[in-house]
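Content type compact mmCIF, C-alpha atoms, from the file run00.txt:
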```txt
# COMPACT_ATOMS: atom_id res chain seq x y z
CA MET A 1073 0.00 0.00 0.00
CA VAL A 1074 1.42 3.40 -0.95
CA PRO A 1075 0.40 6.00 1.62
CA GLU A 1076 -1.19 9.26 0.56
CA SER A 1077 1.48 11.18 2.44
CA ILE A 1078 4.16 10.26 -0.09
CA ARG A 1079 2.35 12.33 -2.73
CA ASP A 1080 3.55 15.36 -0.78
CA LEU A 1081 7.14 14.12 -1.07
CA PRO A 1082 7.42 13.07 -4.73
CA SER A 1083 11.20 12.92 -4.79
CA TYR A 1084 11.22 9.93 -2.38
CA ARG A 1085 10.02 6.40 -2.91
CA VAL A 1086 9.42 4.69 0.43
CA THR A 1087 8.79 1.00 0.99
CA PHE A 1088 7.99 -0.60 4.31
CA PHE A 1089 10.65 -3.25 5.04
CA PHE A 1090 9.86 -4.81 8.43
CA GLY A 1091 8.62 -4.23 11.97
CA PRO A 1092 7.53 -3.37 14.47
CA GLU A 1093 10.08 -5.17 16.58
CA LEU A 1094 11.40 -4.44 20.04
CA VAL A 1095 14.70 -2.57 20.16
CA ASP A 1096 17.41 -4.61 21.90
CA GLY A 1097 17.88 -3.47 25.47
CA GLN A 1098 14.87 -1.13 25.34
CA PRO A 1099 11.68 -3.06 26.15
CA ASP A 1100 9.54 0.07 25.77
CA VAL A 1101 10.72 1.00 22.26
CA LEU A 1102 9.61 -0.46 18.92
CA VAL A 1103 11.30 -0.03 15.55
CA CYS A 1104 10.05 -0.20 11.97
CA VAL A 1105 12.49 -0.18 9.06
CA PHE A 1106 11.82 1.46 5.70
CA ASN A 1107 13.69 1.48 2.41
CA VAL A 1108 13.96 5.03 1.08
CA LYS A 1109 15.10 5.99 -2.40
CA LYS A 1110 15.37 9.49 -3.75
CA ARG A 1111 15.13 9.86 -7.52
CA SER A 1112 18.56 11.45 -7.73
CA TRP A 1113 20.26 8.66 -5.74
CA LYS A 1114 21.80 5.61 -7.40
CA ALA A 1115 20.80 3.40 -4.48
CA GLY A 1116 18.35 3.56 -1.61
CA ILE A 1117 18.95 3.61 2.12
CA GLN A 1118 17.36 2.03 5.16
CA VAL A 1119 15.81 4.22 7.81
CA SER A 1120 14.98 2.72 11.21
CA VAL A 1121 12.14 4.59 12.89
CA GLU A 1122 11.78 4.06 16.63
CA MET A 1123 8.66 4.76 18.68
CA SER A 1124 8.15 4.49 22.42
CA THR A 1125 5.27 2.28 23.42
CA ASP A 1126 4.05 5.12 25.66
CA GLN A 1127 3.80 7.53 22.74
CA LEU A 1128 1.98 4.91 20.67
CA SER A 1129 -0.53 4.44 23.52
CA VAL A 1130 -1.11 8.18 23.81
CA LEU A 1131 -1.61 8.53 20.04
CA ARG A 1132 -3.93 5.50 19.98
CA GLU A 1133 -6.14 7.18 22.60
CA LYS A 1134 -5.89 10.62 21.01
CA MET A 1135 -7.01 9.16 17.66
CA ARG A 1136 -9.74 7.10 19.36
CA LEU A 1137 -8.50 4.14 17.34
CA ALA A 1138 -10.63 1.49 19.05
CA ASP A 1139 -13.83 3.50 18.47
CA ARG A 1140 -12.97 4.18 14.84
CA LEU A 1141 -12.25 0.53 14.07
CA ALA A 1142 -15.09 -1.01 16.11
CA LYS A 1143 -17.76 -1.11 13.41
CA SER A 1144 -15.40 -2.55 10.80
CA LEU A 1145 -14.50 -5.31 13.26
CA THR A 1146 -18.09 -6.13 14.17
CA ALA A 1147 -18.69 -7.07 10.53
CA LEU A 1148 -16.24 -9.96 10.99
CA ASP A 1149 -16.99 -13.48 12.10
CA PRO A 1150 -16.59 -13.40 15.93
CA ARG A 1151 -14.10 -16.28 15.72
CA GLU A 1152 -11.86 -14.25 13.39
CA ARG A 1153 -12.04 -10.99 15.35
CA PRO A 1154 -9.23 -11.76 17.86
CA HIS A 1155 -6.80 -12.47 14.99
CA TYR A 1156 -7.58 -9.08 13.42
CA GLN A 1157 -7.38 -7.26 16.76
CA GLU A 1158 -3.90 -8.71 17.39
CA ARG A 1159 -2.68 -7.35 14.06
CA ILE A 1160 -4.11 -3.85 14.58
CA ALA A 1161 -1.37 -2.93 17.07
CA ASP A 1162 1.36 -3.81 14.55
CA PHE A 1163 -0.32 -1.96 11.69
CA PHE A 1164 -0.91 1.07 13.91
CA ALA A 1165 2.78 1.15 14.87
CA GLN A 1166 3.77 0.84 11.19
CA ALA A 1167 1.47 3.70 10.16
CA VAL A 1168 2.65 6.00 12.95
CA CYS A 1169 6.30 5.20 12.20
CA TRP A 1170 5.58 6.05 8.56
CA CYS A 1171 4.13 9.40 9.69
CA LYS A 1172 7.28 10.05 11.72
CA LEU A 1173 9.44 9.16 8.72
CA ASP A 1174 7.41 11.59 6.58
CA LEU A 1175 8.22 14.36 9.06
CA ARG A 1176 11.92 13.61 8.63
CA LEU A 1177 11.59 13.42 4.83
CA GLN A 1178 10.13 16.92 4.76
CA ALA A 1179 13.45 18.17 6.12
CA GLY A 1180 15.45 16.01 3.71
CA LEU A 1181 17.70 13.00 4.20
CA ALA A 1182 21.36 12.31 3.59
CA GLN A 1183 22.04 9.26 1.45
CA GLU A 1184 23.12 7.01 4.30
CA ASN A 1185 21.40 4.41 6.43
CA GLN A 1186 20.04 6.09 9.53
CA ARG A 1187 17.95 5.87 12.62
CA ILE A 1188 15.25 8.17 13.94
CA ARG A 1189 15.35 7.61 17.69
CA ALA A 1190 12.24 7.30 19.82
CA ASP A 1191 12.92 10.66 21.47
CA GLU A 1192 13.17 12.55 18.15
CA LEU A 1193 10.24 14.38 16.51
CA THR A 1194 7.90 13.49 19.39
CA ILE A 1195 6.34 16.94 19.67
CA GLU A 1196 6.00 17.27 15.91
CA LEU A 1197 4.39 13.83 15.65
CA ASP A 1198 1.97 14.58 18.48
CA GLN A 1199 0.93 17.76 16.65
CA GLU A 1200 0.70 16.03 13.26
CA ALA A 1201 -1.26 13.01 14.53
CA GLY A 1202 -4.61 14.81 14.41
CA ASN A 1203 -4.04 15.59 10.74
CA ARG A 1204 -3.12 12.01 9.87
CA ILE A 1205 -6.04 10.07 11.37
CA ASP A 1206 -7.60 9.25 7.99
CA TYR A 1207 -4.25 8.02 6.68
CA VAL A 1208 -3.63 5.83 9.76
CA LEU A 1209 -7.12 4.31 9.58
CA ALA A 1210 -6.86 3.70 5.83
CA TYR A 1211 -3.47 2.04 6.30
CA ILE A 1212 -4.74 -0.31 9.03
CA LEU A 1213 -7.99 -1.19 7.25
CA GLY A 1214 -6.16 -1.66 3.96
CA GLU A 1215 -3.68 -4.06 5.54
CA LEU A 1216 -6.58 -5.96 7.14
CA ASP A 1217 -8.60 -5.93 3.89
CA LEU A 1218 -11.52 -4.26 5.68
CA THR A 1219 -13.70 -1.36 4.61
CA PRO A 1220 -13.75 1.86 6.65
CA ASP A 1221 -16.71 2.86 8.82
CA ARG A 1222 -17.69 6.37 7.70
CA SER A 1223 -20.09 6.91 10.62
CA VAL A 1224 -17.29 7.88 13.04
CA PRO A 1225 -15.96 11.40 12.40
CA SER A 1226 -12.26 11.54 11.63
CA SER A 1227 -11.39 14.77 13.41
CA CYS A 1228 -9.87 14.74 16.90
```
Take the structure from the file and write it as structure tokens.
Amino acid sequence: MVPESIRDLPSYRVTFFFGPELVDGQPDVLVCVFNVKKRSWKAGIQVSVEMSTDQLSVLREKMRLADRLAKSLTALDPRERPHYQERIADFFAQAVCWCKLDLRLQAGLAQENQRIRADELTIELDQEAGNRIDYVLAYILGELDLTPDRSVPSSC
């Protein structure tokens, strides 16, 4: 799935690589890794984007994620619902890490593998989260092959 946010950054092509996974030695930090290629570069780079589990929890509540996904999940067979609910946390982390990466891309990247630490861009991401709710929901529902529930307003 190609996120809508990349349209704002046409000089980069971003592909999700893997994650979220726990960061070694930091049980409260997750990392997602993305491949990033700029049109002018001969080769792409890998960018590791870290997120604290606390910030993810705050953003999940701020976005009212459970409420926004509830109706889409009720359409599922009750026996399948737990499997989908387990995957939501991973897809949410991926989408939020992608948003954090987009914030870094707006400032530009050097052509070298790099890491965006959990304590970087936290304020900017908190501010941007309200503007990215539709993207986050579309990402999660797209990965789950579910249709969005339009009855829940998308503004914070």
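Residues with any atom within 9 Å of A:Arg1085, counting only C-alpha atoms and excluding same-chain neighbours fewer than 5 positions away, are Ile1078, Asn1107, Val1108, Lys1109, Lys1110, Arg1111 and Gly1116 of chain A.
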Okay, now the selection with C-alpha atoms, as a PDB file, keeping the file's coordinate frame?
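Written file, part-v8.pdb:
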```
ATOM      1  CA  ILE A1078       4.160  10.260  -0.090  1.00  0.00           C
ATOM      2  CA  ASN A1107      13.690   1.480   2.410  1.00  0.00           C
ATOM      3  CA  VAL A1108      13.960   5.030   1.080  1.00  0.00           C
ATOM      4  CA  LYS A1109      15.100   5.990  -2.400  1.00  0.00           C
ATOM      5  CA  LYS A1110      15.370   9.490  -3.750  1.00  0.00           C
ATOM      6  CA  ARG A1111      15.130   9.860  -7.520  1.00  0.00           C
ATOM      7  CA  GLY A1116      18.350   3.560  -1.610  1.00  0.00           C
TER       8      GLY A1116
END
```
Using all atoms listed in the file, tabulate the residues of stretch 1125-1188 of chain A lying at most 9 Å from any atom of stretch 1200-1203 of chain A, each with its closest atom pair and that distance in Å to one decimal, by chain and increasing residue number, as JSON lines.
```
{"residue": "A:Leu1131", "atom": "CA", "partner": "A:Ala1201", "partner_atom": "CA", "distance": 7.1}
{"residue": "A:Lys1134", "atom": "CA", "partner": "A:Gly1202", "partner_atom": "CA", "distance": 7.9}
{"residue": "A:Met1135", "atom": "CA", "partner": "A:Gly1202", "partner_atom": "CA", "distance": 6.9}
{"residue": "A:Val1168", "atom": "CA", "partner": "A:Ala1201", "partner_atom": "CA", "distance": 8.2}
{"residue": "A:Cys1171", "atom": "CA", "partner": "A:Ala1201", "partner_atom": "CA", "distance": 8.1}
{"residue": "A:Leu1175", "atom": "CA", "partner": "A:Glu1200", "partner_atom": "CA", "distance": 8.8}
```
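If you look at atom CA of A:Ala1147 and atom CA of A:Gly1091, they are 27.5 Å away from each other.
Here atom CA of A:Gln1127 stands at a distance of 11.9 Å from atom CA of A:Phe1164.
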task: Within 12 Å of (2.2, -3.7, 14.6) (coordinates as in the file), grab all the protein and nucleic acid residues, counting only C-alpha atoms, and write them out as number ranges by chain.
output: A: 1090-1094, 1102-1104, 1123, 1125, 1128, 1156-1170, 1211-1212, 1215-1216
task: Could you tell me how far atom CA of A:Val1086 lies from atom CA of A:Ala1179, in Å and to one decimal?
output: 15.2 Å
field: Selected residue, from A:Thr1219, A:Ser1083, A:Ser1129, A:Gln1178, that lies nearest to A:Glu1196 when counting all atoms listed in the file
entry: A:Gln1178
Pick from A:Ala1138, A:Ala1182, A:Leu1173, A:Ile1205 nearest to A:Ser1120, counting all atoms listed in the file: A:Leu1173
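Nearest residue to A:Gln1118 among A:Val1105, A:Leu1137, A:Val1130, A:Ala1210 is A:Val1105, counting all atoms listed in the file.
Comparing the minimum interatomic distances between A:Phe1088 and each of A:Leu1213, A:Ile1117, A:Leu1148, A:Leu1197, counting all atoms listed in the file, we find that A:Ile1117 sits nearest.
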task: Pick out the closest residue to A:Val1095 from this set: A:Val1121, A:Ala1115, A:Val1208, A:Ala1142. Count only C-alpha atoms.
output: A:Val1121
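In terms of minimum interatomic distance to A:Thr1194, A:Arg1176 ranks closest within A:Trp1113, A:Gly1214, A:Thr1146, A:Arg1176, counting only C-alpha atoms.
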